[in-house]
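Okay, structure first, notes after.
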Amino acid sequence: LGINRTMRVVVYDRLGLFSAPRLWYTLKVAFGHPSDVAVLDGGLPRWLKLGLPLEHGPPPKLEPEAPPSTWQLAPQRCWDVERVRANIGAQEALVLDARGPGRFEGTAPEPRPGMRGGHIPGSLNVPFTDLLSEGAPCTLRPPDELHACMLATNVPLEALSAPSGGTVVSSCGSGMTACIVGLALHQLGLPLDRWSVYDGSWAEWGAREDTPVATGRATPASRL
């Protein structure tokens with residue numbers, strides 16, 4: 001992609017706000033890009049609505065600016081299934097699930113065949129759609145509305161925002177929209193070094209037979 005370690009990066013997608021936060025997370029959080037990484041709120045649809053200029057044709061071919069050895073994954077920012085399983089008992093972090101309520105509660109079918117319904121025990125449900133504006137172009141809600149959304153889903157914002165606050169791990173169906181939850185929390189003041197993503201998300205957890213599954217509504221978080 002021609003990205004060097006001093007380059008500011010702005011990411012966007014064609015839907016407004018959907019996949020761009022995942023690239024933001026990958027660069028800034030998972031791989032610790034030292035320069036700024038920003039998400040273009042509203043993405044390409046908002047850019048078009050504002051009448052801003054476009055380029056056409058294939059992108060230029062770029063040579064790698066930074067050797068692969070300079071990009072190191074921070075494993076603490078990318079949780080695997082075993083760490084999430086251990087967290088059920090250890091309560092090291094608060095797990096937030098970005099899927100819709102029906103999938104979280106196990107009352108709506110999963111889009112992937114053979115997948116169990118429900119959620120990781122102890123997790124809370126923060127549907128990513130609740131964090132986005134209605135209509136097009138799709139943008140992140142303003143901070144006061146994000147704050148209200150988090151409180152409505154029992155996310156302990158005051159405890160999380162404290163200097164000694166705990167860690168948040170976000171999950172979803174495939175590790176994509178979990179990053180919208182992380183972006184919203186960061187807008188509300190959560191430091192990036194206290195947020196991680198369960199990369200396998202429900203595509204992994206729900207497909208396995210050795211992972212516990214809870215159904216029904218979440219219970220309020222009492223920790224952190």
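Going through the structure tokens in order, the chains are called A, B, and so on, while each chain numbers its residues from 1 and the ligands are numbered from 1 in the order shown.
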Which range 84-198 of chain A residues have any atom within 7 Å of an atom of range 13-24 of chain A, and for each, what is the nearest pair of atoms with distance in Å to one decimal, counting only C-alpha atoms, rows sorted by chain and number, as a Markdown table?
| residue | atom | partner | partner_atom | distance |
| --- | --- | --- | --- | --- |
| A:Pro137 | CA | A:Gly16 | CA | 5.8 |
| A:Cys138 | CA | A:Gly16 | CA | 4.8 |
| A:Thr139 | CA | A:Leu17 | CA | 6.0 |
| A:Met176 | CA | A:Arg22 | CA | 5.6 |
| A:Thr177 | CA | A:Phe18 | CA | 6.5 |
| A:Cys179 | CA | A:Arg22 | CA | 5.4 |
| A:Ile180 | CA | A:Pro21 | CA | 5.8 |
| A:Leu183 | CA | A:Pro21 | CA | 6.8 |
Dump C-alpha atoms for the selected residues as a CSV table (one decimal), in the first residue's frame?
chain,number,residue,atom,x,y,z
A,137,PRO,CA,-24.9,8.8,4.4
A,138,CYS,CA,-24.2,6.7,7.4
A,139,THR,CA,-22.1,8.4,10.0
A,176,MET,CA,-15.6,-6.2,11.3
A,177,THR,CA,-18.3,-4.2,13.0
A,179,CYS,CA,-14.3,-2.1,15.3
A,180,ILE,CA,-17.3,0.4,15.1
A,183,LEU,CA,-14.3,3.6,17.4
Item to check | Who sits within 10 Å of Leu124 in chain A, only C-alpha atoms, same chain under 2 positions skipped, as a list in words | outcome: Leu94, Val95, Leu96, Asp97, Ala98, Phe104, His119, Ile120, Pro121, Gly122, Val126, Pro127, Thr153, Asn154, Val155, Ser170, Arg217, Ala218, Thr219, Pro220 and Ala221 of chain A
Item to check | Selection: 12 Å around range 79-93 of chain A, only C-alpha atoms, excl. self and same-chain fewer than 3 positions, as a PyMOL selection string | outcome: chain A and resi 30+73-76+96+119-124+160+165-171+175+194-208+210-214+221-224
Next on the checklist: List as a ChimeraX atom specification the protein and nucleic acid residues near Glu110 in chain A, meaning an atom at most 12 Å away when only C-alpha atoms are counted, but skip any in the same chain fewer than 3 places from it.
Outcome noted: /A:99-107,113-119,172-174,202-203,206-207
